[in-house]
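Here is the file run_15.pdb (PDB, C-alpha atoms).
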ATOM      1  CA  MET A   1     -61.822  24.685  -5.845
ATOM      2  CA  ALA A   2     -61.494  26.595  -2.596
ATOM      3  CA  GLY A   3     -58.199  26.048  -0.857
ATOM      4  CA  LEU A   4     -56.494  24.462  -3.875
ATOM      5  CA  GLU A   5     -52.779  25.187  -3.531
ATOM      6  CA  PRO A   6     -50.861  25.484  -6.821
ATOM      7  CA  THR A   7     -47.877  23.252  -7.461
ATOM      8  CA  PRO A   8     -45.017  24.310  -9.731
ATOM      9  CA  PHE A   9     -45.947  22.260 -12.814
ATOM     10  CA  ILE A  10     -48.821  20.714 -14.755
ATOM     11  CA  TRP A  11     -48.188  18.131 -17.465
ATOM     12  CA  PHE A  12     -49.899  19.468 -20.609
ATOM     13  CA  ASP A  13     -49.795  17.516 -23.896
ATOM     14  CA  GLY A  14     -46.408  16.006 -23.222
ATOM     15  CA  LYS A  15     -44.684  18.936 -21.544
ATOM     16  CA  LEU A  16     -44.352  20.140 -17.980
ATOM     17  CA  VAL A  17     -45.529  23.751 -17.945
ATOM     18  CA  PRO A  18     -45.801  26.218 -15.031
ATOM     19  CA  TRP A  19     -49.133  25.996 -13.201
ATOM     20  CA  ASP A  20     -50.254  29.484 -14.245
ATOM     21  CA  GLU A  21     -49.423  28.836 -17.910
ATOM     22  CA  ALA A  22     -51.604  25.722 -18.286
ATOM     23  CA  LYS A  23     -54.372  27.536 -20.161
ATOM     24  CA  ILE A  24     -57.028  26.881 -22.783
ATOM     25  CA  HIS A  25     -59.179  29.066 -25.036
ATOM     26  CA  VAL A  26     -62.629  30.073 -23.752
ATOM     27  CA  LEU A  27     -64.158  28.462 -26.865
ATOM     28  CA  THR A  28     -62.683  25.053 -26.066
ATOM     29  CA  HIS A  29     -65.252  22.380 -26.984
ATOM     30  CA  GLY A  30     -64.968  20.521 -23.680
ATOM     31  CA  LEU A  31     -65.710  23.682 -21.707
ATOM     32  CA  HIS A  32     -69.025  24.122 -23.530
ATOM     33  CA  TYR A  33     -70.231  20.524 -23.848
ATOM     34  CA  GLY A  34     -68.463  18.518 -21.139
ATOM     35  CA  THR A  35     -66.691  16.438 -23.773
ATOM     36  CA  GLY A  36     -63.889  14.972 -21.754
ATOM     37  CA  TYR A  37     -62.977  12.215 -19.333
ATOM     38  CA  PHE A  38     -60.780  12.092 -16.279
ATOM     39  CA  GLU A  39     -59.506  10.115 -13.320
ATOM     40  CA  GLY A  40     -58.949  10.757  -9.637
ATOM     41  CA  ILE A  41     -55.867   8.984  -8.261
ATOM     42  CA  ARG A  42     -53.945   9.207  -4.998
ATOM     43  CA  ALA A  43     -50.280   8.932  -4.155
ATOM     44  CA  TYR A  44     -49.306   8.169  -0.573
ATOM     45  CA  LYS A  45     -46.165   8.526   1.489
ATOM     46  CA  CYS A  46     -45.380   5.008   2.644
ATOM     47  CA  ALA A  47     -44.122   3.833   6.014
ATOM     48  CA  ASN A  48     -40.654   3.107   4.563
ATOM     49  CA  GLY A  49     -40.245   6.754   3.566
ATOM     50  CA  GLN A  50     -40.831   6.082  -0.106
ATOM     51  CA  SER A  51     -43.891   7.286  -2.009
ATOM     52  CA  ALA A  52     -46.262   5.263  -4.193
ATOM     53  CA  VAL A  53     -49.306   5.745  -6.403
ATOM     54  CA  PHE A  54     -52.266   3.532  -5.545
ATOM     55  CA  ARG A  55     -53.488   1.394  -8.449
ATOM     56  CA  LEU A  56     -52.064   3.740 -11.062
ATOM     57  CA  ARG A  57     -52.308   1.417 -14.044
ATOM     58  CA  ASP A  58     -55.890   0.424 -13.189
ATOM     59  CA  HIS A  59     -56.922   4.074 -13.086
ATOM     60  CA  ILE A  60     -55.244   4.948 -16.377
ATOM     61  CA  THR A  61     -56.757   1.850 -18.017
ATOM     62  CA  ARG A  62     -60.208   2.975 -16.861
ATOM     63  CA  MET A  63     -59.512   6.424 -18.271
ATOM     64  CA  LEU A  64     -58.765   4.974 -21.700
ATOM     65  CA  ASN A  65     -61.887   2.830 -21.437
ATOM     66  CA  SER A  66     -63.807   6.077 -20.908
ATOM     67  CA  ALA A  67     -62.206   7.304 -24.126
ATOM     68  CA  LYS A  68     -63.557   4.223 -25.939
ATOM     69  CA  ILE A  69     -67.051   4.651 -24.527
ATOM     70  CA  LEU A  70     -67.203   8.311 -25.573
ATOM     71  CA  ALA A  71     -65.541   7.620 -28.959
ATOM     72  CA  LEU A  72     -63.019  10.368 -28.126
ATOM     73  CA  PRO A  73     -59.654   8.602 -28.435
ATOM     74  CA  CYS A  74     -56.878   9.662 -26.124
ATOM     75  CA  PRO A  75     -53.622  10.496 -27.948
ATOM     76  CA  TYR A  76     -51.560   8.701 -25.291
ATOM     77  CA  THR A  77     -51.150   5.078 -24.239
ATOM     78  CA  VAL A  78     -51.513   3.615 -20.764
ATOM     79  CA  ASP A  79     -47.730   3.348 -20.448
ATOM     80  CA  GLU A  80     -47.210   6.947 -21.564
ATOM     81  CA  LEU A  81     -49.772   8.303 -19.109
ATOM     82  CA  CYS A  82     -48.409   6.227 -16.228
ATOM     83  CA  LYS A  83     -44.922   7.598 -16.894
ATOM     84  CA  ALA A  84     -46.271  11.139 -17.254
ATOM     85  CA  THR A  85     -48.043  10.799 -13.896
ATOM     86  CA  LEU A  86     -44.837   9.760 -12.143
ATOM     87  CA  ASP A  87     -42.877  12.502 -13.936
ATOM     88  CA  THR A  88     -45.383  15.094 -12.743
ATOM     89  CA  LEU A  89     -45.207  13.909  -9.136
ATOM     90  CA  VAL A  90     -41.417  13.940  -9.191
ATOM     91  CA  ALA A  91     -41.206  17.365 -10.872
ATOM     92  CA  ASN A  92     -43.476  18.790  -8.175
ATOM     93  CA  LYS A  93     -41.667  16.932  -5.366
ATOM     94  CA  MET A  94     -44.949  15.521  -4.056
ATOM     95  CA  GLU A  95     -44.553  12.869  -1.346
ATOM     96  CA  SER A  96     -48.319  12.400  -1.322
ATOM     97  CA  ALA A  97     -50.892  13.915  -3.640
ATOM     98  CA  TYR A  98     -54.234  13.818  -5.347
ATOM     99  CA  ILE A  99     -53.699  13.273  -9.088
ATOM    100  CA  ARG A 100     -56.067  14.482 -11.817
ATOM    101  CA  PRO A 101     -55.456  13.267 -15.382
ATOM    102  CA  LEU A 102     -57.927  14.804 -17.840
ATOM    103  CA  SER A 103     -58.452  14.531 -21.583
ATOM    104  CA  PHE A 104     -60.869  16.897 -23.310
ATOM    105  CA  VAL A 105     -61.922  18.022 -26.764
ATOM    106  CA  GLY A 106     -59.977  21.164 -27.468
ATOM    107  CA  TYR A 107     -60.322  24.365 -29.468
ATOM    108  CA  GLY A 108     -61.634  24.206 -33.021
ATOM    109  CA  GLY A 109     -65.176  23.857 -34.280
ATOM    110  CA  LEU A 110     -67.904  24.573 -31.738
ATOM    111  CA  GLY A 111     -70.788  22.509 -33.051
ATOM    112  CA  VAL A 112     -71.963  19.600 -30.928
ATOM    113  CA  TYR A 113     -70.067  17.175 -33.169
ATOM    114  CA  PRO A 114     -66.413  17.368 -32.056
ATOM    115  CA  GLY A 115     -65.184  16.781 -35.602
ATOM    116  CA  ASP A 116     -61.447  17.197 -36.039
ATOM    117  CA  ASN A 117     -60.884  19.177 -32.847
ATOM    118  CA  PRO A 118     -57.732  18.092 -31.019
ATOM    119  CA  ILE A 119     -57.957  16.104 -27.812
ATOM    120  CA  ASN A 120     -55.789  17.696 -25.157
ATOM    121  CA  THR A 121     -54.502  15.910 -22.072
ATOM    122  CA  ILE A 122     -53.287  17.281 -18.748
ATOM    123  CA  ILE A 123     -52.090  15.815 -15.470
ATOM    124  CA  ALA A 124     -52.243  17.985 -12.356
ATOM    125  CA  VAL A 125     -51.262  17.098  -8.783
ATOM    126  CA  TRP A 126     -51.935  18.816  -5.487
ATOM    127  CA  SER A 127     -52.187  18.185  -1.767
ATOM    128  CA  TRP A 128     -55.639  17.028  -0.682
ATOM    129  CA  GLY A 129     -56.543  15.579   2.694
ATOM    130  CA  ALA A 130     -59.721  13.707   3.636
ATOM    131  CA  TYR A 131     -62.289  14.629   0.975
ATOM    132  CA  LEU A 132     -65.292  14.815   3.300
ATOM    133  CA  GLY A 133     -63.315  16.226   6.239
ATOM    134  CA  LYS A 134     -60.677  14.690   8.520
ATOM    135  CA  GLU A 135     -63.199  14.112  11.306
ATOM    136  CA  ALA A 136     -65.437  12.219   8.877
ATOM    137  CA  LEU A 137     -63.098   9.220   8.827
ATOM    138  CA  ASP A 138     -64.052   8.527  12.458
ATOM    139  CA  LEU A 139     -67.318  10.360  13.120
ATOM    140  CA  GLY A 140     -68.910   9.692   9.756
ATOM    141  CA  VAL A 141     -70.937  11.954   7.470
ATOM    142  CA  ARG A 142     -74.565  13.041   7.265
ATOM    143  CA  VAL A 143     -76.245  12.085   4.011
ATOM    144  CA  LYS A 144     -79.475  13.027   2.245
ATOM    145  CA  THR A 145     -81.234  11.020  -0.449
ATOM    146  CA  SER A 146     -81.205  13.284  -3.466
ATOM    147  CA  SER A 147     -84.257  14.317  -5.453
ATOM    148  CA  PHE A 148     -82.067  13.748  -8.535
ATOM    149  CA  SER A 149     -81.758  10.176  -9.825
ATOM    150  CA  ARG A 150     -78.453   8.729 -10.976
ATOM    151  CA  ILE A 151     -78.280   8.983 -14.761
ATOM    152  CA  HIS A 152     -79.892   6.123 -16.679
ATOM    153  CA  PRO A 153     -77.258   3.980 -18.450
ATOM    154  CA  ASN A 154     -78.860   4.643 -21.833
ATOM    155  CA  THR A 155     -79.001   8.405 -21.261
ATOM    156  CA  LEU A 156     -75.369   9.073 -20.347
ATOM    157  CA  MET A 157     -73.223   5.963 -20.086
ATOM    158  CA  GLY A 158     -72.183   5.753 -16.455
ATOM    159  CA  LYS A 159     -69.198   3.446 -16.958
ATOM    160  CA  ALA A 160     -67.368   6.410 -18.465
ATOM    161  CA  LYS A 161     -65.850   8.844 -16.000
ATOM    162  CA  ALA A 162     -67.012  11.599 -18.318
ATOM    163  CA  CYS A 163     -66.875  15.295 -17.467
ATOM    164  CA  GLY A 164     -70.459  15.965 -18.553
ATOM    165  CA  ASN A 165     -71.815  13.110 -16.436
ATOM    166  CA  TYR A 166     -70.841  14.984 -13.292
ATOM    167  CA  VAL A 167     -73.451  17.702 -13.761
ATOM    168  CA  ASN A 168     -75.749  15.020 -12.320
ATOM    169  CA  SER A 169     -73.502  14.829  -9.251
ATOM    170  CA  VAL A 170     -73.191  18.606  -8.961
ATOM    171  CA  LEU A 171     -76.989  19.000  -8.836
ATOM    172  CA  ALA A 172     -77.254  16.394  -6.081
ATOM    173  CA  LYS A 173     -74.296  17.715  -4.086
ATOM    174  CA  VAL A 174     -75.474  21.344  -4.176
ATOM    175  CA  GLU A 175     -78.932  20.297  -3.017
ATOM    176  CA  ALA A 176     -77.514  18.239  -0.129
ATOM    177  CA  VAL A 177     -75.058  20.891   1.082
ATOM    178  CA  GLN A 178     -77.667  23.649   0.885
ATOM    179  CA  ASP A 179     -79.917  21.470   3.059
ATOM    180  CA  GLY A 180     -77.163  21.082   5.663
ATOM    181  CA  TYR A 181     -75.815  17.628   4.745
ATOM    182  CA  ASP A 182     -72.303  16.502   3.857
ATOM    183  CA  GLU A 183     -73.157  14.345   0.881
ATOM    184  CA  ALA A 184     -76.007  13.102  -1.306
ATOM    185  CA  LEU A 185     -77.178   9.538  -1.834
ATOM    186  CA  MET A 186     -78.468   8.921  -5.349
ATOM    187  CA  LEU A 187     -81.021   6.307  -6.376
ATOM    188  CA  ASP A 188     -81.137   4.786  -9.831
ATOM    189  CA  THR A 189     -84.116   5.323 -12.122
ATOM    190  CA  ASN A 190     -85.789   2.201 -10.652
ATOM    191  CA  GLY A 191     -85.519   3.510  -7.091
ATOM    192  CA  PHE A 192     -82.648   1.322  -5.885
ATOM    193  CA  VAL A 193     -79.568   2.722  -4.145
ATOM    194  CA  SER A 194     -76.976   3.625  -6.755
ATOM    195  CA  GLU A 195     -74.061   5.685  -5.435
ATOM    196  CA  ALA A 196     -73.166   9.029  -3.894
ATOM    197  CA  THR A 197     -71.994  12.006  -5.941
ATOM    198  CA  GLY A 198     -68.437  10.678  -6.105
ATOM    199  CA  GLU A 199     -68.405   7.507  -4.013
ATOM    200  CA  ASN A 200     -69.665   3.938  -4.070
ATOM    201  CA  VAL A 201     -71.980   2.749  -1.283
ATOM    202  CA  PHE A 202     -71.639  -0.234   1.067
ATOM    203  CA  ILE A 203     -73.932  -1.428   3.846
ATOM    204  CA  VAL A 204     -73.120  -3.868   6.657
ATOM    205  CA  ARG A 205     -75.621  -6.228   8.246
ATOM    206  CA  GLY A 206     -73.981  -8.609  10.700
ATOM    207  CA  LYS A 207     -70.891  -9.986   8.944
ATOM    208  CA  THR A 208     -72.337  -9.490   5.480
ATOM    209  CA  ILE A 209     -71.363  -6.500   3.372
ATOM    210  CA  LYS A 210     -73.623  -5.470   0.503
ATOM    211  CA  THR A 211     -72.816  -3.111  -2.339
ATOM    212  CA  THR A 212     -74.623  -2.047  -5.485
ATOM    213  CA  PRO A 213     -73.818  -4.185  -8.557
ATOM    214  CA  LEU A 214     -72.305  -2.694 -11.699
ATOM    215  CA  THR A 215     -75.666  -1.780 -13.185
ATOM    216  CA  SER A 216     -76.086   1.927 -12.486
ATOM    217  CA  ILE A 217     -72.721   2.932 -11.049
ATOM    218  CA  LEU A 218     -69.195   3.826 -12.038
ATOM    219  CA  GLU A 219     -66.914   0.829 -11.593
ATOM    220  CA  GLY A 220     -64.919   2.277  -8.725
ATOM    221  CA  ILE A 221     -61.269   1.317  -8.364
ATOM    222  CA  ASN A 222     -61.444   1.689  -4.583
ATOM    223  CA  ARG A 223     -64.756  -0.176  -4.613
ATOM    224  CA  GLY A 224     -62.978  -3.149  -6.170
ATOM    225  CA  SER A 225     -60.134  -2.788  -3.679
ATOM    226  CA  VAL A 226     -62.542  -2.808  -0.712
ATOM    227  CA  ILE A 227     -64.382  -5.857  -2.056
ATOM    228  CA  THR A 228     -61.117  -7.788  -2.463
ATOM    229  CA  LEU A 229     -59.858  -6.674   0.950
ATOM    230  CA  ALA A 230     -63.116  -7.527   2.722
ATOM    231  CA  LYS A 231     -63.216 -11.018   1.208
ATOM    232  CA  ASP A 232     -59.591 -11.579   2.156
ATOM    233  CA  LEU A 233     -60.465 -10.575   5.732
ATOM    234  CA  GLY A 234     -63.227 -13.193   5.849
ATOM    235  CA  TYR A 235     -66.307 -11.072   5.268
ATOM    236  CA  GLU A 236     -69.076 -12.143   2.946
ATOM    237  CA  VAL A 237     -69.517  -9.543   0.211
ATOM    238  CA  VAL A 238     -72.690  -9.536  -1.875
ATOM    239  CA  GLU A 239     -73.194  -7.361  -4.944
ATOM    240  CA  THR A 240     -76.940  -6.856  -5.078
ATOM    241  CA  GLN A 241     -79.607  -4.195  -5.423
ATOM    242  CA  PHE A 242     -81.066  -2.778  -2.235
ATOM    243  CA  THR A 243     -83.461   0.003  -1.336
ATOM    244  CA  ARG A 244     -82.908   2.971   0.923
ATOM    245  CA  ASP A 245     -85.139   1.535   3.665
ATOM    246  CA  GLU A 246     -82.728  -1.408   3.946
ATOM    247  CA  LEU A 247     -79.930   1.134   4.173
ATOM    248  CA  TYR A 248     -81.781   2.858   7.049
ATOM    249  CA  CYS A 249     -81.789  -0.464   8.932
ATOM    250  CA  ALA A 250     -78.162  -1.342   8.283
ATOM    251  CA  ASP A 251     -75.705  -1.837  11.139
ATOM    252  CA  GLU A 252     -73.180   0.280   9.257
ATOM    253  CA  VAL A 253     -72.972   2.272   6.033
ATOM    254  CA  PHE A 254     -69.792   3.515   4.419
ATOM    255  CA  PHE A 255     -68.559   5.089   1.207
ATOM    256  CA  SER A 256     -65.509   4.153  -0.831
ATOM    257  CA  GLY A 257     -63.724   6.282  -3.393
ATOM    258  CA  THR A 258     -60.311   7.617  -4.304
ATOM    259  CA  ALA A 259     -61.048  10.978  -2.708
ATOM    260  CA  ALA A 260     -63.216   9.622   0.143
ATOM    261  CA  GLU A 261     -61.052   6.510   0.751
ATOM    262  CA  VAL A 262     -63.223   4.597   3.306
ATOM    263  CA  THR A 263     -65.625   7.054   4.953
ATOM    264  CA  PRO A 264     -68.384   5.978   7.376
ATOM    265  CA  VAL A 265     -71.927   7.332   7.171
ATOM    266  CA  ARG A 266     -73.504   8.167  10.519
ATOM    267  CA  GLU A 267     -76.884   9.459   9.362
ATOM    268  CA  VAL A 268     -79.125   9.145   6.307
ATOM    269  CA  ASP A 269     -82.258  11.270   5.908
ATOM    270  CA  ARG A 270     -82.182  12.153   9.633
ATOM    271  CA  ARG A 271     -82.025   8.493  10.623
ATOM    272  CA  THR A 272     -79.041   7.443  12.726
ATOM    273  CA  ILE A 273     -77.096   4.536  11.258
ATOM    274  CA  GLY A 274     -75.900   2.007  13.832
ATOM    275  CA  LYS A 275     -74.105   3.749  16.698
ATOM    276  CA  GLY A 276     -73.983   7.053  14.871
ATOM    277  CA  ARG A 277     -70.260   6.851  14.073
ATOM    278  CA  ALA A 278     -67.819   4.473  12.378
ATOM    279  CA  GLY A 279     -68.771   0.870  13.141
ATOM    280  CA  ASP A 280     -66.423  -2.026  13.845
ATOM    281  CA  VAL A 281     -66.440  -3.423  10.306
ATOM    282  CA  THR A 282     -65.891  -0.018   8.740
ATOM    283  CA  LYS A 283     -63.025   0.728  11.127
ATOM    284  CA  HIS A 284     -61.473  -2.658  10.411
ATOM    285  CA  LEU A 285     -61.600  -2.032   6.658
ATOM    286  CA  GLN A 286     -60.281   1.516   7.116
ATOM    287  CA  GLN A 287     -57.305   0.312   9.147
ATOM    288  CA  GLU A 288     -56.427  -2.423   6.678
ATOM    289  CA  PHE A 289     -56.924  -0.110   3.693
ATOM    290  CA  PHE A 290     -54.482   2.434   5.092
ATOM    291  CA  LYS A 291     -51.956  -0.317   5.772
ATOM    292  CA  ILE A 292     -52.132  -1.201   2.092
ATOM    293  CA  VAL A 293     -51.676   2.348   0.762
ATOM    294  CA  GLN A 294     -48.864   2.967   3.249
ATOM    295  CA  GLY A 295     -47.059  -0.114   1.982
ATOM    296  CA  THR A 296     -47.116  -2.168   5.186
ATOM    297  CA  ASN A 297     -49.145  -5.085   3.834
ATOM    298  CA  PRO A 298     -46.910  -6.945   1.355
ATOM    299  CA  LYS A 299     -49.829  -8.982   0.005
ATOM    300  CA  TYR A 300     -51.017  -5.975  -2.005
ATOM    301  CA  GLN A 301     -47.670  -4.576  -3.129
ATOM    302  CA  ASP A 302     -48.685  -4.897  -6.783
ATOM    303  CA  TRP A 303     -51.311  -2.194  -6.175
ATOM    304  CA  LEU A 304     -48.537   0.335  -5.493
ATOM    305  CA  THR A 305     -46.315   2.064  -8.042
ATOM    306  CA  PRO A 306     -43.342   3.541  -6.158
ATOM    307  CA  TYR A 307     -41.436   6.658  -7.164
ATOM    308  CA  THR A 308     -38.563   8.683  -5.746
ATOM    309  CA  PHE A 309     -37.155  12.162  -6.259
TER
END

Is it possible to give me this structure as structure tokens?
Amino acid sequence: MAGLEPTPFIWFDGKLVPWDEAKIHVLTHGLHYGTGYFEGIRAYKCANGQSAVFRLRDHITRMLNSAKILALPCPYTVDELCKATLDTLVANKMESAYIRPLSFVGYGGLGVYPGDNPINTIIAVWSWGAYLGKEALDLGVRVKTSSFSRIHPNTLMGKAKACGNYVNSVLAKVEAVQDGYDEALMLDTNGFVSEATGENVFIVRGKTIKTTPLTSILEGINRGSVITLAKDLGYEVVETQFTRDELYCADEVFFSGTAAEVTPVREVDRRTIGKGRAGDVTKHLQQEFFKIVQGTNPKYQDWLTPYTF
């Protein structure tokens, strides 16, 4: 990844090893077949000067659910991986960070069947700002509907955050960027709006917020957070299928995701959405979301796992 700045340590199968020594063999099974699963998590520096990981246990639980779906059991428990995540942040003295836990089928046999190959696990952390650009949080992003459909749930099971699944996202993202857009919108195999390449999709019409149901999407942790937050703020939230022409006519469109946080969409397929920048509802949700992750809204304290070093 361009601009990725190394940190001193990566947690690798139970040990903190120097960044440059966290290596695998070129014949590692996961490298050839995408047999692995991962999470994207964020830690934030809070207003009180302490740091905290946002919804750590929920992310690690989802990771182990991915392990179940793929029938590739992780050698570590939720508790062990939560502790390892905090240990890695502390060892690297990270006040805020993007966190990438990853389990993958390691070196051994190289047939499609993973057999008795070991499953290796790493946790890496690094500094990462706004995923789609700092200006995107206010100005919004330009989006293109991809020619690639979101994977069918009986082709590659989309509830798993599986490494191989993301080839689908890579195809869509490359196409969008090469055509001059920031991100791709993906439809499901029935033509309904599914998700972006790494984000869930919301539309706003009046005071009603719509988002795609859990039919053809990854069950986003931030998606669930935004739904809970929006309801608590008095908005009506409806989980329902919708088509891209309804999205074109929306007052506002925004993405949610660990990397993207709450990012407005200003244009889809050369059609301006709303005022062509972050709308009032999106800005309201953004502001309240950042209060939560910065620890200034006590109602959601159980979503934060603090750590110190």

(message) Ranking A:Leu72, A:Val201, A:Ala259, A:Met157 by minimum distance to A:Glu39 and counting only C-alpha atoms, which one comes first?
(response)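 When distances to A:Glu39 are compared using only C-alpha atoms, the smallest one comes from A:Ala259.
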
(message) I'd like to know which of A:Thr197, A:Ala67, A:Ile41, A:Leu185 is closest to A:Arg55, using only C-alpha atoms.
(response)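 The closest residue to A:Arg55 is A:Ile41.
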
(request) Considering only C-alpha atoms, state which residue in the set A:Glu246, A:Val268, A:Thr189, A:Gly111 is at the smallest distance from A:Ala176. (result) A:Val268

(message) Here's the selection I'm unsure about, the PyMOL selection byres ((chain A and resi 40) around 9); applied to the file above, which residues does it give, as a PyMOL selection string?
(response) chain A and resi 38-39+41-42+59+98-101+258-259

(request) Report the residues retrieved by the PyMOL selection byres ((chain A and resi 244) around 10) from the displayed file, expressed as a PyMOL selection string. (result) chain A and resi 145+185-187+191-194+242-243+245-250+268-269

(request) Run the PyMOL selection byres ((chain A and resi 251) around 8) against the file shown and list the residues it catches, as a list of chain:residue names. (result) A:Ile203, A:Val204, A:Arg205, A:Gly206, A:Cys249, A:Ala250, A:Glu252, A:Val253, A:Ile273, A:Gly274, A:Gly279

Tell me which protein, DNA and RNA residues are within 6 Å of stretch 217-229 of chain A, counting all atoms listed in the file, leaving out same-chain ones fewer than 6 positions away, and put them as a JSON list (two decimals) with C-alpha atoms, in the frame of the given file.
[["chain", "number", "residue", "atom", "x", "y", "z"],
["A", 158, "GLY", "CA", -72.18, 5.75, -16.45],
["A", 159, "LYS", "CA", -69.20, 3.45, -16.96],
["A", 256, "SER", "CA", -65.51, 4.15, -0.83],
["A", 257, "GLY", "CA", -63.72, 6.28, -3.39]]

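Remark: for A:Gly14, the closest of the candidate residues A:Gly108, A:Pro75, A:Gly295, A:Gly34 is A:Pro75 (distances computed over all atoms listed in the file).
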
Sorted by chain and rising residue number, list the residues of stretch 67-123 of chain A at most 12 Å from stretch 299-306 of chain A (counting only C-alpha atoms), each with its closest atom pair and distance in Å to one decimal, as a Markdown table.
| residue | atom | partner | partner_atom | distance |
| --- | --- | --- | --- | --- |
| A:Cys82 | CA | A:Thr305 | CA | 9.4 |
| A:Lys83 | CA | A:Thr305 | CA | 10.5 |
| A:Thr85 | CA | A:Thr305 | CA | 10.7 |
| A:Leu86 | CA | A:Pro306 | CA | 8.8 |
| A:Asp87 | CA | A:Pro306 | CA | 11.9 |
| A:Leu89 | CA | A:Pro306 | CA | 10.9 |
| A:Val90 | CA | A:Pro306 | CA | 11.0 |
| A:Glu95 | CA | A:Pro306 | CA | 10.6 |
| A:Ser96 | CA | A:Pro306 | CA | 11.3 |

(message) Ranking A:Tyr33, A:Tyr113, A:Tyr107, A:Phe289 by minimum distance to A:Val262 and counting only C-alpha atoms, which one comes first?
(response)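 Smallest distance to A:Val262 is found for A:Phe289.
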